[in-house]
Amino acid sequence: MSELVVSISGRSGSFSVSADFTALRGVTALFGHSGAGKTTLLKMISGTLSPQKGRIAIGEHVLFDSESRIDLAPEKRHIGYVFQDARLFPHLSVRHNLTYALWAGRRRAGRPFAEVVDLLGLAALLERRPVTLSGGERQRVAIGRALLSNPALLLLDEPLSSLDHARRQEILPYLERLRDESGLPIVYVSHEIDEVARLADTLVVLAEGRVVASGPVAEVFARIDGIGSAGEDVGALIEGHVTGHDVEYRVTYIDLGGETFQIVDEMLRPGMQVRLRVRARDVSLARHAPEAISIRNVLPVRIVAISGESAAFAEVELAFASQLLRARLTRKSVADLGLKPGEEAFALVKAVSVDRSSMRFGKDG
Amino acid sequence: MTGSGMFGLTEADWGIILLSLRIAFVAILFALPLAFAVAWVLARYSFPGKSLLQAMVTMPLVLPPVVTGYLLLLWFGTRGALGAPFSEWFGIGFAFRWTGAALAAGVMAFPLLVRPMRLSIENIDRGLEEAARTLGAGRIVAFFTVTLPMLLPGVIAGAMLGFAKALGEFGATITFVSNIPGETQTLSLAIYSFLQTPAGDSAAIKLILVSVFLSVVAVILSEWLQRRLDSGRSG
């Protein structure tokens with residue numbers, strides 16, 4: 001397994017960065033506000049900036065090691081770097097941009113050109129010049145160019161940040177396919193919680209150049225203090241697979257490891273793995289299982305923790321079937337119901353308030 | 001009218017034109033790589049003495065050409081500090097030879113070569129070189145496949161400007177290598193000579209028209225080349 005292991009500290013100007021994390025196959029999101037050190041970290045991984053101390057390795061292949069004085073040049077690292085601003089070569093056609101690593105970088109072709117063109121929908125763009133492309137098209141070409149460099153790892157530095165909402169929606173499915181089909185570890189930098197929820201398997205939260213939380217995305221999401229920065233959008237990710245679809249009422253049934261959940265989503269087909277994002281403010285709690293109620297999703301949960309001793313709202317961390325959920329309640333209702341950690345309760349979620357954040361084709365995500 | 005050759009130009013006229021073109025071409029051929037290196041250093045590095053280098057590069061533009069010519073005579077003359085080793089090692093003499101005219105033209109054109117190239121080097125997005133490196137290109141390959149092609153419009157602009165300047169150089173040339181027909185007498189010097197002789201205007205006017213023609217062609221050619229290179233890059 002060729003995972004990326006990063007354990008470094010260094011500085012860029014007066015800004016110091018220190019990070020330890022491991023990126024496995026799939027997407028590892030580096031999440032944090034601008035200025036948190038995300039791009040500095042990517043530069044250190046790619047070799048355009050040297051850390052002071054530590055070690056960076058992809059599997060057995062050491063890219064940087066301060067102790068044995070290894071610091072490979074960027075061109076020797078085999079890292080596909082997709083920059084925020086695409087950085088296509090303006091004097092070359094899309095085709096020659098895509099194949100740059102082959103004719104200029106002397107890289108062995110890792111995967112067939114046609115396959116990458118197909119994966120990213122680039123067939124109609126090949127003879128065009130970069131200036132004639134839209135922002136979304138440029139990013140797709142940049143991703144293809146990185147993929148064709150036969151990389152051992154992909155670094156994506158906020159590839160969607162310069163795009164408007166519509167363009168993002170256009171690119172996200174490509175990124176999902178990339179994640180599911182490339183088989184490469186992908187480090188994805190973002191400060192958009194939606195993107196992270198949709199794409200990431202592992203989440204590394206950065207603040208002021210340091211890792212403040214890391215782990216499987218659903219776990220970090222649900223941790224009460226994990227993403228203090230998400231504000232109103234605080235929520236949990238839960239995973240399951242689609243079991244059925246009610247055509248008449250357009251309701252989709254999802255199995256969450258024993259519990260069935262209902263949502264409204266036309267895109268889902270039985271067998272698909274899905275990830276659902278449930279915002280804390282859309283979750284209510286009841287002491288007893290309610291009857292004759294319009295809310296479709298009633299999950300038996302155990303209260304793990306309650307936070308917010310002095311605020312008007314309390315964040316309640318809930319566990320069910322080995323998954324985590326969060327609820328945001330007024331502190332008054334926590335007191336009135338007498339909720340305490342360790343107790344059983346029922347979480348209520350309206351079917352219409354759930355966002356599907358990610359879907360995978362096939363069962364092994 | 002004495003002439004009856006092509007375009008009414010005499011054999012002597014053609015000799016002058018070809019000599020001028022050869023001198024200007026050789027001057028730019030040798031000055032261009034050096035000017036590129038200087039432009040690169042000025043654009044990319046900061047070091048002690050940078051402003052001194054910058055001042056020296058600008059000198060030929062601000063010094064009276066006669067002074068530049070005199071300094072060249074001093075340094076590159078047969079017994080000059082630089083002229084002697086040159087003729088000893090490379091067998092190249094400059095004094096009163098066309099090679100000296102080319103040297104004078106190259107020196108005078110130098111600031112004009114450096115400036116546009118320096119501007120384009122400063123303007124280039126270094127992130128593109130970074131991108132090339134991550135795609136497997138070493139520094140040198142990245143330079144030739146990304147940086148240099150991007151700089152080409154600036155290089156061509158510099159070369160054309162320098163060529164036009166070299167073609168018309170007068171003061172430094174006449175001071176350094178004198179006005180010897182068939183050896184150092186370029187267009188400008190020939191026109192000057194004709195105008196010094198009584199009734200030489202008619203002979204001069206042809207060469208004046210040739211000068212105007214060559215300058216216009218150089219400008220049009222450079223504009224066209226730049227537009228060609230720019231198309232598909234911006235706008």
# chains A, B, ... in the order shown; residues from 1 in each chain; ligands from 1

$ residues_around --residues "A:Val189" --least-positions-apart "2" --cutoff "8 Å" --atoms "only C-alpha atoms" --output "JSON, numbers by chain"
{"A": [29, 30, 31, 38, 39, 155, 156, 157, 158, 187, 191]}

$ write_last_selection --atoms "N, CA and C atoms" --output "PDB file, in the first residue's frame"
ATOM      1  N   ALA A  29      -8.575  15.135   2.939  1.00  0.00           N
ATOM      2  CA  ALA A  29      -8.813  16.570   2.818  1.00  0.00           C
ATOM      3  C   ALA A  29      -7.985  17.307   3.858  1.00  0.00           C
ATOM      4  N   LEU A  30      -7.255  18.321   3.410  1.00  0.00           N
ATOM      5  CA  LEU A  30      -6.628  19.256   4.331  1.00  0.00           C
ATOM      6  C   LEU A  30      -7.581  20.432   4.417  1.00  0.00           C
ATOM      7  N   PHE A  31      -8.192  20.566   5.588  1.00  0.00           N
ATOM      8  CA  PHE A  31      -9.249  21.553   5.721  1.00  0.00           C
ATOM      9  C   PHE A  31      -8.802  22.639   6.689  1.00  0.00           C
ATOM     10  N   LYS A  38      -2.307  25.457   4.573  1.00  0.00           N
ATOM     11  CA  LYS A  38      -2.590  24.338   3.674  1.00  0.00           C
ATOM     12  C   LYS A  38      -1.666  24.336   2.462  1.00  0.00           C
ATOM     13  N   THR A  39      -1.568  25.497   1.798  1.00  0.00           N
ATOM     14  CA  THR A  39      -0.762  25.557   0.581  1.00  0.00           C
ATOM     15  C   THR A  39       0.724  25.400   0.902  1.00  0.00           C
ATOM     16  N   LEU A 155      -1.927  15.939  -5.622  1.00  0.00           N
ATOM     17  CA  LEU A 155      -2.206  17.043  -4.713  1.00  0.00           C
ATOM     18  C   LEU A 155      -3.147  17.997  -5.420  1.00  0.00           C
ATOM     19  N   LEU A 156      -4.290  18.256  -4.828  1.00  0.00           N
ATOM     20  CA  LEU A 156      -5.235  19.191  -5.429  1.00  0.00           C
ATOM     21  C   LEU A 156      -5.391  20.385  -4.494  1.00  0.00           C
ATOM     22  N   ASP A 157      -4.930  21.535  -4.946  1.00  0.00           N
ATOM     23  CA  ASP A 157      -4.958  22.728  -4.110  1.00  0.00           C
ATOM     24  C   ASP A 157      -6.183  23.577  -4.445  1.00  0.00           C
ATOM     25  N   GLU A 158      -7.216  23.429  -3.681  1.00  0.00           N
ATOM     26  CA  GLU A 158      -8.473  24.166  -3.884  1.00  0.00           C
ATOM     27  C   GLU A 158      -8.813  24.307  -5.366  1.00  0.00           C
ATOM     28  N   VAL A 187      -4.516  14.117  -2.021  1.00  0.00           N
ATOM     29  CA  VAL A 187      -4.584  15.110  -0.949  1.00  0.00           C
ATOM     30  C   VAL A 187      -5.330  16.310  -1.510  1.00  0.00           C
ATOM     31  N   HIS A 191     -11.270  24.849   1.793  1.00  0.00           N
ATOM     32  CA  HIS A 191     -11.851  25.476   2.970  1.00  0.00           C
ATOM     33  C   HIS A 191     -13.382  25.457   2.870  1.00  0.00           C
TER      34      HIS A 191
END

$ interface_residues --of "chain A" --to "chain B" --cutoff "8 Å" --atoms "only C-alpha atoms" --output "VMD selection string"
chain A and resid 46 48 74 to 81 87 to 91 100 to 101 104 to 107 129 to 132 146 149

$ residues_around --residues "A:Pro51" --least-positions-apart "5" --cutoff "10 Å" --atoms "only C-alpha atoms" --output "mmCIF file with N, CA and C atoms, in the first residue's frame"
data_model
loop_
_atom_site.group_PDB
_atom_site.id
_atom_site.type_symbol
_atom_site.label_atom_id
_atom_site.label_comp_id
_atom_site.auth_asym_id
_atom_site.auth_seq_id
_atom_site.Cartn_x
_atom_site.Cartn_y
_atom_site.Cartn_z
ATOM 1 N N SER A 7 5.467 13.995 8.149
ATOM 2 C CA SER A 7 5.770 14.383 9.521
ATOM 3 C C SER A 7 6.855 15.443 9.447
ATOM 4 N N ILE A 8 6.428 16.693 9.350
ATOM 5 C CA ILE A 8 7.411 17.737 9.075
ATOM 6 C C ILE A 8 7.147 18.985 9.900
ATOM 7 N N SER A 9 8.175 19.771 10.041
ATOM 8 C CA SER A 9 7.995 21.121 10.544
ATOM 9 C C SER A 9 8.916 22.028 9.757
ATOM 10 N N GLY A 10 8.472 23.229 9.542
ATOM 11 C CA GLY A 10 9.272 24.156 8.755
ATOM 12 C C GLY A 10 8.619 25.511 8.747
ATOM 13 N N ARG A 11 9.229 26.420 8.025
ATOM 14 C CA ARG A 11 8.634 27.745 7.962
ATOM 15 C C ARG A 11 8.714 28.323 6.559
ATOM 16 N N SER A 12 7.802 29.238 6.316
ATOM 17 C CA SER A 12 7.804 29.986 5.081
ATOM 18 C C SER A 12 7.693 31.442 5.493
ATOM 19 N N SER A 16 5.122 29.518 10.548
ATOM 20 C CA SER A 16 5.665 28.181 10.765
ATOM 21 C C SER A 16 4.571 27.128 10.665
ATOM 22 N N VAL A 17 4.957 25.996 10.118
ATOM 23 C CA VAL A 17 4.032 24.899 9.853
ATOM 24 C C VAL A 17 4.595 23.643 10.495
ATOM 25 N N SER A 18 3.740 22.883 11.111
ATOM 26 C CA SER A 18 4.198 21.590 11.580
ATOM 27 C C SER A 18 3.038 20.624 11.476
ATOM 28 N N THR A 40 1.162 25.974 2.026
ATOM 29 C CA THR A 40 2.563 25.807 2.446
ATOM 30 C C THR A 40 2.890 24.330 2.593
ATOM 31 N N LEU A 41 1.960 23.608 3.184
ATOM 32 C CA LEU A 41 2.144 22.173 3.381
ATOM 33 C C LEU A 41 2.247 21.444 2.032
ATOM 34 N N LYS A 43 3.231 22.710 -0.792
ATOM 35 C CA LYS A 43 4.517 23.059 -1.416
ATOM 36 C C LYS A 43 5.631 22.206 -0.846
ATOM 37 N N MET A 44 5.563 21.955 0.463
ATOM 38 C CA MET A 44 6.605 21.137 1.084
ATOM 39 C C MET A 44 6.516 19.694 0.595
ATOM 40 N N ILE A 45 5.306 19.206 0.417
ATOM 41 C CA ILE A 45 5.151 17.829 -0.073
ATOM 42 C C ILE A 45 5.642 17.724 -1.522
ATOM 43 N N ILE A 56 9.075 12.929 4.710
ATOM 44 C CA ILE A 56 7.922 12.756 3.825
ATOM 45 C C ILE A 56 8.214 11.520 2.981
ATOM 46 N N PHE A 64 11.651 13.258 1.364
ATOM 47 C CA PHE A 64 12.379 14.218 2.188
ATOM 48 C C PHE A 64 12.687 13.558 3.515
ATOM 49 N N ASP A 65 13.926 13.706 3.964
ATOM 50 C CA ASP A 65 14.275 13.216 5.288
ATOM 51 C C ASP A 65 15.426 14.062 5.793
ATOM 52 N N SER A 66 15.141 14.875 6.804
ATOM 53 C CA SER A 66 16.166 15.808 7.263
ATOM 54 C C SER A 66 17.343 15.060 7.877
ATOM 55 N N ASP A 71 16.368 15.293 -0.007
ATOM 56 C CA ASP A 71 15.410 16.333 -0.383
ATOM 57 C C ASP A 71 15.284 16.299 -1.901
#

$ atom_distance --atom1 "atom CA of A:Gly37" --atom2 "atom CA of A:Arg25"
22.8 Å

$ atom_distance --atom1 "atom CA of A:Val298" --atom2 "atom CA of A:Phe320"
11.3 Å

$ atom_distance --atom1 "atom CA of A:Gly342" --atom2 "atom CA of A:Ala292"
27.2 Å

$ residues_around --residues "stretch 42-56 of chain B" --least-positions-apart "2" --cutoff "6 Å" --atoms "only C-alpha atoms" --output "JSON, numbers by chain"
{"B": [39, 40, 58, 59, 118, 122]}

$ residues_around --residues "A:Ala280" --least-positions-apart "6" --cutoff "10 Å" --atoms "only C-alpha atoms" --output "list in words"
Ala222, Glu232, Asp233, Val234, Gly235, Ala236, Glu315, Val316, Glu317, Leu325, Arg326, Ala327, Arg328, Leu329 and Val349 of chain A

$ write_last_selection --atoms "C-alpha atoms" --output "tab-separated table (two decimals), in the first residue's frame"
chain	number	residue	atom	x	y	z
A	222	ALA	CA	-19.01	14.47	14.45
A	232	GLU	CA	-24.11	27.20	11.39
A	233	ASP	CA	-23.25	24.36	9.06
A	234	VAL	CA	-22.04	22.01	11.75
A	235	GLY	CA	-23.18	18.51	11.04
A	236	ALA	CA	-22.34	14.87	10.83
A	315	GLU	CA	-24.34	20.47	20.79
A	316	VAL	CA	-25.24	16.88	21.52
A	317	GLU	CA	-23.09	14.08	20.16
A	325	LEU	CA	-24.70	12.11	14.61
A	326	ARG	CA	-24.94	15.57	16.08
A	327	ALA	CA	-27.91	17.55	17.30
A	328	ARG	CA	-28.11	21.21	18.09
A	329	LEU	CA	-30.75	21.91	20.74
A	349	VAL	CA	-34.52	13.84	11.17

$ closest_residue --among "A:Ser34, A:Ala152, A:Ala19, A:Ala57" --to "A:Glu192" --atoms "only C-alpha atoms"
A:Ser34

$ select_by_dssp --residues "stretch 106-223 of chain B" --states "alpha helix (DSSP H)" --output "PyMOL selection string"
chain B and resi 106-123+126-134+139-142+148-168+171-177+187-196+201-223
